[in-house]
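*Asks:* Structure file model-v7.cif (mmCIF, N, CA, C and O atoms) is given on the next line.
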```
data_input
loop_
_atom_site.label_atom_id
_atom_site.label_comp_id
_atom_site.auth_asym_id
_atom_site.auth_seq_id
_atom_site.Cartn_x
_atom_site.Cartn_y
_atom_site.Cartn_z
N MET A 1 0.84 -1.19 0.00
CA MET A 1 0.00 0.00 0.00
C MET A 1 0.88 1.25 0.00
O MET A 1 1.83 1.34 0.76
N MET A 2 0.55 2.20 -0.84
CA MET A 2 1.37 3.41 -0.94
C MET A 2 1.14 4.34 0.25
O MET A 2 0.02 4.46 0.73
N ALA A 3 2.22 4.98 0.69
CA ALA A 3 2.15 5.86 1.85
C ALA A 3 1.37 7.14 1.57
O ALA A 3 1.01 7.86 2.47
N SER A 4 1.13 7.42 0.29
CA SER A 4 0.47 8.69 -0.05
C SER A 4 -1.06 8.62 0.04
O SER A 4 -1.73 9.59 -0.20
N ILE A 5 -1.59 7.44 0.38
CA ILE A 5 -3.04 7.30 0.51
C ILE A 5 -3.49 7.96 1.82
O ILE A 5 -2.94 7.70 2.87
N ARG A 6 -4.49 8.83 1.69
CA ARG A 6 -4.99 9.51 2.88
C ARG A 6 -6.06 8.66 3.57
O ARG A 6 -6.95 8.13 2.90
N GLU A 7 -5.96 8.58 4.88
CA GLU A 7 -6.95 7.87 5.68
C GLU A 7 -7.36 8.74 6.84
O GLU A 7 -6.68 9.71 7.18
N LEU A 8 -8.47 8.37 7.47
CA LEU A 8 -8.98 9.16 8.57
C LEU A 8 -8.24 8.83 9.87
O LEU A 8 -8.11 7.67 10.24
N TYR A 9 -7.75 9.88 10.51
CA TYR A 9 -7.09 9.75 11.81
C TYR A 9 -7.78 10.66 12.81
O TYR A 9 -8.31 11.71 12.44
N PHE A 10 -7.73 10.24 14.07
CA PHE A 10 -8.19 11.10 15.16
C PHE A 10 -6.97 11.59 15.92
O PHE A 10 -6.09 10.80 16.27
N VAL A 11 -6.91 12.89 16.15
CA VAL A 11 -5.79 13.51 16.84
C VAL A 11 -6.32 14.09 18.15
O VAL A 11 -7.29 14.84 18.15
N PHE A 12 -5.69 13.69 19.25
CA PHE A 12 -6.10 14.17 20.57
C PHE A 12 -5.00 15.02 21.17
O PHE A 12 -3.82 14.67 21.09
N MET A 13 -5.40 16.13 21.76
CA MET A 13 -4.44 17.13 22.24
C MET A 13 -4.08 16.90 23.70
O MET A 13 -4.83 16.29 24.45
N LYS A 14 -2.92 17.44 24.09
CA LYS A 14 -2.50 17.40 25.49
C LYS A 14 -3.33 18.36 26.32
O LYS A 14 -4.04 19.21 25.79
N TYR A 15 -3.20 18.23 27.63
CA TYR A 15 -3.95 19.08 28.57
C TYR A 15 -3.78 20.56 28.22
O TYR A 15 -2.66 21.03 28.01
N ASP A 16 -4.91 21.26 28.16
CA ASP A 16 -4.91 22.68 27.80
C ASP A 16 -5.82 23.40 28.80
O ASP A 16 -7.03 23.23 28.77
N PRO A 17 -5.22 24.22 29.70
CA PRO A 17 -6.02 24.89 30.72
C PRO A 17 -7.14 25.78 30.14
O PRO A 17 -8.22 25.87 30.72
N GLU A 18 -6.87 26.41 29.01
CA GLU A 18 -7.89 27.28 28.39
C GLU A 18 -9.08 26.44 27.91
O GLU A 18 -10.24 26.84 28.07
N TYR A 19 -8.79 25.28 27.33
CA TYR A 19 -9.87 24.37 26.91
C TYR A 19 -10.70 23.95 28.12
O TYR A 19 -11.92 23.97 28.09
N GLU A 20 -10.01 23.57 29.20
CA GLU A 20 -10.72 23.13 30.41
C GLU A 20 -11.59 24.25 30.98
O GLU A 20 -12.71 24.03 31.42
N ARG A 21 -11.07 25.48 30.97
CA ARG A 21 -11.82 26.62 31.48
C ARG A 21 -13.08 26.86 30.64
O ARG A 21 -14.18 27.02 31.18
N LEU A 22 -12.91 26.87 29.32
CA LEU A 22 -14.06 27.09 28.43
C LEU A 22 -15.07 25.95 28.55
O LEU A 22 -16.27 26.17 28.53
N LYS A 23 -14.55 24.72 28.67
CA LYS A 23 -15.44 23.57 28.76
C LYS A 23 -16.26 23.62 30.05
O LYS A 23 -17.46 23.33 30.04
N SER A 24 -15.63 24.02 31.15
CA SER A 24 -16.36 24.08 32.43
C SER A 24 -17.38 25.22 32.44
O SER A 24 -18.34 25.18 33.19
N ASN A 25 -17.18 26.22 31.58
CA ASN A 25 -18.10 27.35 31.51
C ASN A 25 -19.14 27.21 30.40
O ASN A 25 -19.93 28.13 30.19
N ARG A 26 -19.12 26.12 29.69
CA ARG A 26 -19.91 26.07 28.46
C ARG A 26 -21.42 26.04 28.69
O ARG A 26 -22.18 26.20 27.75
N THR A 27 -21.85 25.83 29.93
CA THR A 27 -23.29 25.91 30.20
C THR A 27 -23.77 27.35 30.16
O THR A 27 -24.94 27.63 29.95
N LYS A 28 -22.85 28.30 30.37
CA LYS A 28 -23.21 29.72 30.32
C LYS A 28 -23.50 30.12 28.88
O LYS A 28 -22.92 29.59 27.95
N LYS A 29 -24.37 31.10 28.74
CA LYS A 29 -24.80 31.54 27.41
C LYS A 29 -23.62 32.02 26.57
O LYS A 29 -22.81 32.83 27.02
N GLY A 30 -23.51 31.52 25.36
CA GLY A 30 -22.48 31.99 24.43
C GLY A 30 -21.13 31.32 24.58
O GLY A 30 -20.30 31.41 23.71
N ILE A 31 -20.93 30.63 25.70
CA ILE A 31 -19.61 30.02 25.95
C ILE A 31 -19.42 28.78 25.08
O ILE A 31 -18.32 28.48 24.64
N SER A 32 -20.50 28.05 24.82
CA SER A 32 -20.39 26.85 24.00
C SER A 32 -19.82 27.20 22.62
O SER A 32 -18.93 26.52 22.12
N GLN A 33 -20.33 28.28 22.05
CA GLN A 33 -19.83 28.71 20.74
C GLN A 33 -18.37 29.17 20.86
O GLN A 33 -17.56 28.90 19.99
N GLU A 34 -18.05 29.84 21.95
CA GLU A 34 -16.67 30.31 22.18
C GLU A 34 -15.71 29.12 22.21
O GLU A 34 -14.62 29.17 21.66
N LEU A 35 -16.13 28.04 22.87
CA LEU A 35 -15.32 26.83 22.94
C LEU A 35 -15.12 26.23 21.55
O LEU A 35 -14.01 25.87 21.17
N ASP A 36 -16.20 26.15 20.78
CA ASP A 36 -16.13 25.61 19.41
C ASP A 36 -15.14 26.41 18.56
O ASP A 36 -14.31 25.84 17.86
N VAL A 37 -15.25 27.73 18.65
CA VAL A 37 -14.38 28.61 17.86
C VAL A 37 -12.92 28.46 18.30
O VAL A 37 -12.02 28.36 17.48
N TYR A 38 -12.70 28.42 19.61
CA TYR A 38 -11.35 28.27 20.16
C TYR A 38 -10.70 26.98 19.66
O TYR A 38 -9.57 26.99 19.17
N LEU A 39 -11.43 25.87 19.77
CA LEU A 39 -10.88 24.57 19.36
C LEU A 39 -10.63 24.51 17.86
O LEU A 39 -9.59 24.04 17.42
N CYS A 40 -11.60 24.98 17.09
CA CYS A 40 -11.47 24.94 15.64
C CYS A 40 -10.21 25.70 15.20
O CYS A 40 -9.42 25.20 14.41
N LYS A 41 -10.02 26.87 15.77
CA LYS A 41 -8.86 27.71 15.45
C LYS A 41 -7.56 27.04 15.89
O LYS A 41 -6.58 26.99 15.15
N LYS A 42 -7.58 26.50 17.11
CA LYS A 42 -6.40 25.83 17.65
C LYS A 42 -6.00 24.63 16.78
O LYS A 42 -4.83 24.46 16.44
N HIS A 43 -6.97 23.83 16.40
CA HIS A 43 -6.71 22.64 15.59
C HIS A 43 -6.25 23.03 14.18
O HIS A 43 -5.33 22.42 13.64
N ASP A 44 -6.89 24.06 13.61
CA ASP A 44 -6.49 24.53 12.28
C ASP A 44 -5.05 25.05 12.30
O ASP A 44 -4.28 24.78 11.38
N GLU A 45 -4.71 25.80 13.34
CA GLU A 45 -3.35 26.36 13.44
C GLU A 45 -2.31 25.26 13.58
O GLU A 45 -1.23 25.33 12.98
N LEU A 46 -2.62 24.23 14.34
CA LEU A 46 -1.71 23.09 14.48
C LEU A 46 -1.44 22.46 13.12
O LEU A 46 -0.28 22.23 12.74
N LEU A 47 -2.51 22.22 12.36
CA LEU A 47 -2.36 21.61 11.04
C LEU A 47 -1.59 22.53 10.09
O LEU A 47 -0.69 22.08 9.38
N GLU A 48 -1.92 23.82 10.10
CA GLU A 48 -1.24 24.78 9.21
C GLU A 48 0.25 24.87 9.52
O GLU A 48 1.07 25.02 8.62
N ASN A 49 0.59 24.78 10.81
CA ASN A 49 1.99 24.91 11.22
C ASN A 49 2.78 23.62 11.08
O ASN A 49 4.01 23.64 11.18
N THR A 50 2.07 22.50 10.88
CA THR A 50 2.73 21.20 10.90
C THR A 50 2.77 20.52 9.53
O THR A 50 3.75 19.88 9.18
N LEU A 51 1.70 20.68 8.75
CA LEU A 51 1.58 19.97 7.47
C LEU A 51 1.51 20.94 6.30
O LEU A 51 1.19 22.11 6.46
N GLU A 52 1.80 20.43 5.12
CA GLU A 52 1.71 21.23 3.89
C GLU A 52 0.27 21.64 3.62
O GLU A 52 -0.64 20.82 3.72
N PRO A 53 0.06 22.92 3.25
CA PRO A 53 -1.31 23.36 2.91
C PRO A 53 -1.89 22.51 1.79
O PRO A 53 -1.19 22.17 0.84
N GLY A 54 -3.14 22.14 1.92
CA GLY A 54 -3.82 21.36 0.89
C GLY A 54 -3.50 19.88 0.90
O GLY A 54 -4.04 19.13 0.09
N SER A 55 -2.62 19.44 1.81
CA SER A 55 -2.24 18.02 1.84
C SER A 55 -3.07 17.21 2.82
O SER A 55 -2.88 16.02 2.97
N TYR A 56 -4.01 17.87 3.49
CA TYR A 56 -4.84 17.19 4.48
C TYR A 56 -6.26 17.73 4.40
O TYR A 56 -6.51 18.77 3.79
N ASN A 57 -7.18 17.02 5.03
CA ASN A 57 -8.57 17.46 5.06
C ASN A 57 -9.12 17.24 6.46
O ASN A 57 -9.42 16.11 6.83
N LYS A 58 -9.22 18.32 7.24
CA LYS A 58 -9.82 18.20 8.58
C LYS A 58 -11.31 18.04 8.42
O LYS A 58 -11.95 18.85 7.78
N THR A 59 -11.88 16.98 8.98
CA THR A 59 -13.31 16.74 8.81
C THR A 59 -14.14 17.28 9.97
O THR A 59 -15.28 17.67 9.77
N MET A 60 -13.57 17.31 11.18
CA MET A 60 -14.30 17.89 12.31
C MET A 60 -13.40 18.10 13.51
O MET A 60 -12.39 17.41 13.66
N SER A 61 -13.79 19.06 14.34
CA SER A 61 -13.19 19.22 15.66
C SER A 61 -14.12 18.55 16.67
O SER A 61 -15.34 18.64 16.54
N LEU A 62 -13.54 17.88 17.63
CA LEU A 62 -14.30 17.19 18.66
C LEU A 62 -14.24 17.99 19.95
O LEU A 62 -13.19 18.08 20.58
N VAL A 63 -15.37 18.57 20.34
CA VAL A 63 -15.39 19.47 21.49
C VAL A 63 -15.27 18.71 22.82
O VAL A 63 -14.65 19.17 23.77
N ILE A 64 -15.84 17.52 22.87
CA ILE A 64 -15.88 16.75 24.12
C ILE A 64 -14.48 16.38 24.62
O ILE A 64 -14.23 16.35 25.81
N VAL A 65 -13.55 16.12 23.71
CA VAL A 65 -12.23 15.60 24.10
C VAL A 65 -11.05 16.46 23.68
O VAL A 65 -9.92 16.07 23.91
N ASP A 66 -11.27 17.62 23.08
CA ASP A 66 -10.19 18.42 22.52
C ASP A 66 -9.37 17.59 21.54
O ASP A 66 -8.22 17.25 21.76
N GLY A 67 -10.02 17.26 20.46
CA GLY A 67 -9.37 16.50 19.41
C GLY A 67 -10.03 16.82 18.08
O GLY A 67 -10.97 17.62 18.02
N PHE A 68 -9.54 16.19 17.02
CA PHE A 68 -10.15 16.41 15.72
C PHE A 68 -9.91 15.23 14.81
O PHE A 68 -9.04 14.40 15.07
N ALA A 69 -10.72 15.16 13.78
CA ALA A 69 -10.58 14.11 12.76
C ALA A 69 -9.99 14.75 11.52
O ALA A 69 -10.38 15.86 11.14
N VAL A 70 -9.03 14.06 10.91
CA VAL A 70 -8.36 14.62 9.74
C VAL A 70 -7.96 13.48 8.79
O VAL A 70 -7.58 12.40 9.24
N GLU A 71 -8.10 13.74 7.50
CA GLU A 71 -7.66 12.77 6.49
C GLU A 71 -6.22 13.10 6.12
O GLU A 71 -5.95 14.17 5.56
N ILE A 72 -5.31 12.19 6.47
CA ILE A 72 -3.88 12.38 6.24
C ILE A 72 -3.22 11.05 5.88
O ILE A 72 -3.83 10.00 6.00
N THR A 73 -1.96 11.13 5.47
CA THR A 73 -1.18 9.92 5.17
C THR A 73 -0.51 9.41 6.44
O THR A 73 -0.44 10.12 7.46
N ASP A 74 0.04 8.19 6.37
CA ASP A 74 0.79 7.63 7.50
C ASP A 74 1.96 8.54 7.88
O ASP A 74 2.24 8.75 9.05
N ASP A 75 2.65 9.05 6.87
CA ASP A 75 3.79 9.94 7.13
C ASP A 75 3.36 11.20 7.88
O ASP A 75 4.02 11.65 8.81
N GLN A 76 2.24 11.77 7.45
CA GLN A 76 1.74 12.97 8.11
C GLN A 76 1.30 12.67 9.54
O GLN A 76 1.49 13.49 10.44
N ALA A 77 0.76 11.48 9.76
CA ALA A 77 0.37 11.07 11.11
C ALA A 77 1.60 11.05 12.02
O ALA A 77 1.55 11.50 13.16
N ASN A 78 2.71 10.55 11.49
CA ASN A 78 3.95 10.51 12.27
C ASN A 78 4.46 11.91 12.57
O ASN A 78 4.97 12.17 13.67
N VAL A 79 4.33 12.82 11.62
CA VAL A 79 4.73 14.21 11.84
C VAL A 79 3.88 14.82 12.96
O VAL A 79 4.41 15.47 13.87
N LEU A 80 2.56 14.59 12.90
CA LEU A 80 1.67 15.13 13.94
C LEU A 80 1.98 14.53 15.31
O LEU A 80 1.88 15.22 16.32
N ARG A 81 2.36 13.25 15.34
CA ARG A 81 2.68 12.61 16.62
C ARG A 81 3.82 13.32 17.34
O ARG A 81 3.88 13.31 18.56
N SER A 82 4.72 13.92 16.59
CA SER A 82 5.86 14.59 17.21
C SER A 82 5.59 16.07 17.51
O SER A 82 6.45 16.76 18.04
N ALA A 83 4.39 16.55 17.16
CA ALA A 83 4.05 17.95 17.45
C ALA A 83 3.89 18.14 18.96
O ALA A 83 3.40 17.26 19.66
N LYS A 84 4.29 19.31 19.41
CA LYS A 84 4.40 19.61 20.85
C LYS A 84 3.11 19.37 21.63
O LYS A 84 3.14 18.82 22.72
N ASP A 85 1.97 19.81 21.10
CA ASP A 85 0.72 19.77 21.87
C ASP A 85 -0.14 18.54 21.61
O ASP A 85 -1.24 18.43 22.13
N VAL A 86 0.38 17.61 20.80
CA VAL A 86 -0.41 16.42 20.45
C VAL A 86 -0.13 15.30 21.44
O VAL A 86 1.02 14.97 21.72
N ARG A 87 -1.21 14.74 21.98
CA ARG A 87 -1.07 13.62 22.92
C ARG A 87 -1.04 12.28 22.18
O ARG A 87 -0.19 11.44 22.45
N VAL A 88 -1.98 12.08 21.27
CA VAL A 88 -2.04 10.80 20.56
C VAL A 88 -2.68 10.99 19.18
O VAL A 88 -3.53 11.84 19.01
N VAL A 89 -2.21 10.19 18.22
CA VAL A 89 -2.78 10.16 16.88
C VAL A 89 -3.18 8.72 16.59
O VAL A 89 -2.34 7.83 16.62
N GLU A 90 -4.46 8.50 16.38
CA GLU A 90 -4.99 7.15 16.17
C GLU A 90 -5.64 7.03 14.81
O GLU A 90 -6.47 7.86 14.44
N LYS A 91 -5.29 5.98 14.09
CA LYS A 91 -5.97 5.72 12.82
C LYS A 91 -7.38 5.24 13.11
O LYS A 91 -7.61 4.47 14.05
N ASN A 92 -8.33 5.72 12.35
CA ASN A 92 -9.72 5.29 12.49
C ASN A 92 -9.81 3.80 12.14
O ASN A 92 -9.43 3.39 11.05
N GLN A 93 -10.28 3.01 13.08
CA GLN A 93 -10.42 1.58 12.84
C GLN A 93 -11.85 1.27 12.40
O GLN A 93 -12.80 1.59 13.12
N GLU A 94 -11.97 0.71 11.21
CA GLU A 94 -13.30 0.31 10.75
C GLU A 94 -13.76 -0.87 11.60
O GLU A 94 -13.00 -1.81 11.82
N LEU A 95 -15.00 -0.79 12.07
CA LEU A 95 -15.52 -1.90 12.86
C LEU A 95 -16.05 -2.97 11.92
O LEU A 95 -16.93 -2.71 11.10
N ALA A 96 -15.50 -4.16 12.03
CA ALA A 96 -15.88 -5.25 11.13
C ALA A 96 -17.21 -5.86 11.55
O ALA A 96 -17.51 -5.87 12.73
#
```
Take the structure in the file and write it out as structure tokens.

*Replies:*
Amino acid sequence: MMASIRELYFVFMKYDPEYERLKSNRTKKGISQELDVYLCKKHDELLENTLEPGSYNKTMSLVIVDGFAVEITDDQANVLRSAKDVRVVEKNQELA
């Protein structure tokens, strides 16, 4: 299998006090959207600073766990694994 094939990976971030603060406040009016915007921006910036533009496709940010889903190659997954704020990068496992 060629390494250039993109597959879906889940990327989970390390502990982030700002995320925890926004998450604990998200019951307050307007905070839920603030959390979504914060995470989306944070995840986009990580990808922009780590991978080549246009070489990946972020499909969603996950608010519950501070993570995101992205279509990338195995090589790109390894690059993300070494990024400072990334805790774990998991390939999406199809359930048989």

*Asks:* Taking only N, CA, C and O atoms into account, name the residue in A:Thr50, A:Tyr38, A:Ile5, A:Lys14 that is nearest to Val65 (chain A).

*Replies:*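 Once distances to Val65 (chain A) are computed over only N, CA, C and O atoms, the minimum belongs to A:Lys14.
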
*Asks:* Written as a PyMOL selection string, what is the full residue list that the PyMOL selection byres (((chain A and resi 92 and name CA) around 7) and name CA) yields on the file shown?

*Replies:* chain A and resi 8-10+90-91+93-94

*Asks:* Specify as number ranges by chain each residue included when the PyMOL selection byres ((chain A and resi 61) around 8) is applied to this file.

*Replies:* A: 11, 36, 39-40, 43, 58-60, 62-70

*Asks:* Assuming the chain letters and numbering stay as they are in my file, what does the PyMOL selection byres ((chain A and resi 51-56) around 8) actually select? List them as a list in words.

*Replies:* Ser4, Arg6, Asp44, Glu45, Leu46, Leu47, Glu48, Asn49, Thr50, Asn57, Lys58, Thr59, Val70, Glu71, Ile72, Thr73, Gln76, Val79 and Leu80 of chain A

*Asks:* What is the atom O of Arg26 (chain A)-atom N of Lys41 (chain A) distance in Å, reported with one decimal?

*Replies:* 17.1 Å

*Asks:* Give me every alpha helix (DSSP H) residue in chain A, going by DSSP on the backbone, as an mmCIF file with N, CA, C and O atoms, in the frame of the given file.

*Replies:*
```
data_model
loop_
_atom_site.group_PDB
_atom_site.id
_atom_site.type_symbol
_atom_site.label_atom_id
_atom_site.label_comp_id
_atom_site.auth_asym_id
_atom_site.auth_seq_id
_atom_site.Cartn_x
_atom_site.Cartn_y
_atom_site.Cartn_z
ATOM 1 N N PRO A 17 -5.220 24.220 29.700
ATOM 2 C CA PRO A 17 -6.020 24.890 30.720
ATOM 3 C C PRO A 17 -7.140 25.780 30.140
ATOM 4 O O PRO A 17 -8.220 25.870 30.720
ATOM 5 N N GLU A 18 -6.870 26.410 29.010
ATOM 6 C CA GLU A 18 -7.890 27.280 28.390
ATOM 7 C C GLU A 18 -9.080 26.440 27.910
ATOM 8 O O GLU A 18 -10.240 26.840 28.070
ATOM 9 N N TYR A 19 -8.790 25.280 27.330
ATOM 10 C CA TYR A 19 -9.870 24.370 26.910
ATOM 11 C C TYR A 19 -10.700 23.950 28.120
ATOM 12 O O TYR A 19 -11.920 23.970 28.090
ATOM 13 N N GLU A 20 -10.010 23.570 29.200
ATOM 14 C CA GLU A 20 -10.720 23.130 30.410
ATOM 15 C C GLU A 20 -11.590 24.250 30.980
ATOM 16 O O GLU A 20 -12.710 24.030 31.420
ATOM 17 N N ARG A 21 -11.070 25.480 30.970
ATOM 18 C CA ARG A 21 -11.820 26.620 31.480
ATOM 19 C C ARG A 21 -13.080 26.860 30.640
ATOM 20 O O ARG A 21 -14.180 27.020 31.180
ATOM 21 N N LEU A 22 -12.910 26.870 29.320
ATOM 22 C CA LEU A 22 -14.060 27.090 28.430
ATOM 23 C C LEU A 22 -15.070 25.950 28.550
ATOM 24 O O LEU A 22 -16.270 26.170 28.530
ATOM 25 N N LYS A 23 -14.550 24.720 28.670
ATOM 26 C CA LYS A 23 -15.440 23.570 28.760
ATOM 27 C C LYS A 23 -16.260 23.620 30.050
ATOM 28 O O LYS A 23 -17.460 23.330 30.040
ATOM 29 N N SER A 24 -15.630 24.020 31.150
ATOM 30 C CA SER A 24 -16.360 24.080 32.430
ATOM 31 C C SER A 24 -17.380 25.220 32.440
ATOM 32 O O SER A 24 -18.340 25.180 33.190
ATOM 33 N N ILE A 31 -20.930 30.630 25.700
ATOM 34 C CA ILE A 31 -19.610 30.020 25.950
ATOM 35 C C ILE A 31 -19.420 28.780 25.080
ATOM 36 O O ILE A 31 -18.320 28.480 24.640
ATOM 37 N N SER A 32 -20.500 28.050 24.820
ATOM 38 C CA SER A 32 -20.390 26.850 24.000
ATOM 39 C C SER A 32 -19.820 27.200 22.620
ATOM 40 O O SER A 32 -18.930 26.520 22.120
ATOM 41 N N GLN A 33 -20.330 28.280 22.050
ATOM 42 C CA GLN A 33 -19.830 28.710 20.740
ATOM 43 C C GLN A 33 -18.370 29.170 20.860
ATOM 44 O O GLN A 33 -17.560 28.900 19.990
ATOM 45 N N GLU A 34 -18.050 29.840 21.950
ATOM 46 C CA GLU A 34 -16.670 30.310 22.180
ATOM 47 C C GLU A 34 -15.710 29.120 22.210
ATOM 48 O O GLU A 34 -14.620 29.170 21.660
ATOM 49 N N LEU A 35 -16.130 28.040 22.870
ATOM 50 C CA LEU A 35 -15.320 26.830 22.940
ATOM 51 C C LEU A 35 -15.120 26.230 21.550
ATOM 52 O O LEU A 35 -14.010 25.870 21.170
ATOM 53 N N ASP A 36 -16.200 26.150 20.780
ATOM 54 C CA ASP A 36 -16.130 25.610 19.410
ATOM 55 C C ASP A 36 -15.140 26.410 18.560
ATOM 56 O O ASP A 36 -14.310 25.840 17.860
ATOM 57 N N VAL A 37 -15.250 27.730 18.650
ATOM 58 C CA VAL A 37 -14.380 28.610 17.860
ATOM 59 C C VAL A 37 -12.920 28.460 18.300
ATOM 60 O O VAL A 37 -12.020 28.360 17.480
ATOM 61 N N TYR A 38 -12.700 28.420 19.610
ATOM 62 C CA TYR A 38 -11.350 28.270 20.160
ATOM 63 C C TYR A 38 -10.700 26.980 19.660
ATOM 64 O O TYR A 38 -9.570 26.990 19.170
ATOM 65 N N LEU A 39 -11.430 25.870 19.770
ATOM 66 C CA LEU A 39 -10.880 24.570 19.360
ATOM 67 C C LEU A 39 -10.630 24.510 17.860
ATOM 68 O O LEU A 39 -9.590 24.040 17.420
ATOM 69 N N CYS A 40 -11.600 24.980 17.090
ATOM 70 C CA CYS A 40 -11.470 24.940 15.640
ATOM 71 C C CYS A 40 -10.210 25.700 15.200
ATOM 72 O O CYS A 40 -9.420 25.200 14.410
ATOM 73 N N LYS A 41 -10.020 26.870 15.770
ATOM 74 C CA LYS A 41 -8.860 27.710 15.450
ATOM 75 C C LYS A 41 -7.560 27.040 15.890
ATOM 76 O O LYS A 41 -6.580 26.990 15.150
ATOM 77 N N LYS A 42 -7.580 26.500 17.110
ATOM 78 C CA LYS A 42 -6.400 25.830 17.650
ATOM 79 C C LYS A 42 -6.000 24.630 16.780
ATOM 80 O O LYS A 42 -4.830 24.460 16.440
ATOM 81 N N HIS A 43 -6.970 23.830 16.400
ATOM 82 C CA HIS A 43 -6.710 22.640 15.590
ATOM 83 C C HIS A 43 -6.250 23.030 14.180
ATOM 84 O O HIS A 43 -5.330 22.420 13.640
ATOM 85 N N ASP A 44 -6.890 24.060 13.610
ATOM 86 C CA ASP A 44 -6.490 24.530 12.280
ATOM 87 C C ASP A 44 -5.050 25.050 12.300
ATOM 88 O O ASP A 44 -4.280 24.780 11.380
ATOM 89 N N GLU A 45 -4.710 25.800 13.340
ATOM 90 C CA GLU A 45 -3.350 26.360 13.440
ATOM 91 C C GLU A 45 -2.310 25.260 13.580
ATOM 92 O O GLU A 45 -1.230 25.330 12.980
ATOM 93 N N LEU A 46 -2.620 24.230 14.340
ATOM 94 C CA LEU A 46 -1.710 23.090 14.480
ATOM 95 C C LEU A 46 -1.440 22.460 13.120
ATOM 96 O O LEU A 46 -0.280 22.230 12.740
ATOM 97 N N LEU A 47 -2.510 22.220 12.360
ATOM 98 C CA LEU A 47 -2.360 21.610 11.040
ATOM 99 C C LEU A 47 -1.590 22.530 10.090
ATOM 100 O O LEU A 47 -0.690 22.080 9.380
ATOM 101 N N GLU A 48 -1.920 23.820 10.100
ATOM 102 C CA GLU A 48 -1.240 24.780 9.210
ATOM 103 C C GLU A 48 0.250 24.870 9.520
ATOM 104 O O GLU A 48 1.070 25.020 8.620
ATOM 105 N N ASN A 49 0.590 24.780 10.810
ATOM 106 C CA ASN A 49 1.990 24.910 11.220
ATOM 107 C C ASN A 49 2.780 23.620 11.080
ATOM 108 O O ASN A 49 4.010 23.640 11.180
ATOM 109 N N THR A 50 2.070 22.500 10.880
ATOM 110 C CA THR A 50 2.730 21.200 10.900
ATOM 111 C C THR A 50 2.770 20.520 9.530
ATOM 112 O O THR A 50 3.750 19.880 9.180
ATOM 113 N N ASP A 74 0.040 8.190 6.370
ATOM 114 C CA ASP A 74 0.790 7.630 7.500
ATOM 115 C C ASP A 74 1.960 8.540 7.880
ATOM 116 O O ASP A 74 2.240 8.750 9.050
ATOM 117 N N ASP A 75 2.650 9.050 6.870
ATOM 118 C CA ASP A 75 3.790 9.940 7.130
ATOM 119 C C ASP A 75 3.360 11.200 7.880
ATOM 120 O O ASP A 75 4.020 11.650 8.810
ATOM 121 N N GLN A 76 2.240 11.770 7.450
ATOM 122 C CA GLN A 76 1.740 12.970 8.110
ATOM 123 C C GLN A 76 1.300 12.670 9.540
ATOM 124 O O GLN A 76 1.490 13.490 10.440
ATOM 125 N N ALA A 77 0.760 11.480 9.760
ATOM 126 C CA ALA A 77 0.370 11.070 11.110
ATOM 127 C C ALA A 77 1.600 11.050 12.020
ATOM 128 O O ALA A 77 1.550 11.500 13.160
ATOM 129 N N ASN A 78 2.710 10.550 11.490
ATOM 130 C CA ASN A 78 3.950 10.510 12.270
ATOM 131 C C ASN A 78 4.460 11.910 12.570
ATOM 132 O O ASN A 78 4.970 12.170 13.670
ATOM 133 N N VAL A 79 4.330 12.820 11.620
ATOM 134 C CA VAL A 79 4.730 14.210 11.840
ATOM 135 C C VAL A 79 3.880 14.820 12.960
ATOM 136 O O VAL A 79 4.410 15.470 13.870
ATOM 137 N N LEU A 80 2.560 14.590 12.900
ATOM 138 C CA LEU A 80 1.670 15.130 13.940
ATOM 139 C C LEU A 80 1.980 14.530 15.310
ATOM 140 O O LEU A 80 1.880 15.220 16.320
ATOM 141 N N ARG A 81 2.360 13.250 15.340
ATOM 142 C CA ARG A 81 2.680 12.610 16.620
ATOM 143 C C ARG A 81 3.820 13.320 17.340
ATOM 144 O O ARG A 81 3.880 13.310 18.560
#
```

*Asks:* Which distance in Å separates CA of Ala83 (chain A) and CA of Gln33 (chain A), to one decimal?

*Replies:*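 Rounded to one decimal, the two atoms are 26.4 Å apart.
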
*Asks:* Record the distance separating CA of Leu22 (chain A) and atom N of Leu35 (chain A), expressed in Å with one decimal.

*Replies:*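 Interatomic distance here is 6.0 Å.
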
*Asks:* Determine which residues of region 1-82 of chain A receive a DSSP assignment of strand (DSSP E or B), computed from the backbone, and state them as a PyMOL selection string.

*Replies:* chain A and resi 7-13+57-62+67-72

*Asks:* Name all residues at most 8 Å from Lys23 (chain A) (count all atoms listed in the file; drop same-chain ones fewer than 4 positions away) and give them as a PyMOL selection string.

*Replies:* chain A and resi 16-19+27-28+31-32+34-35+63-64

*Asks:* Restricting the calculation to only C-alpha atoms, which member of A:Glu20, A:Asn25, A:Tyr15, A:Val89 is positioned closest to Asp74 (chain A)?

*Replies:*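 Among the listed residues, A:Val89 lies closest to Asp74 (chain A).
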
*Asks:* Counting all atoms listed in the file, which residues sit no farther than 5 Å from the position (-2.4, 15.0, 20.9) in the file's frame? I'd like them as a PyMOL selection string.

*Replies:* chain A and resi 11-14+85-88
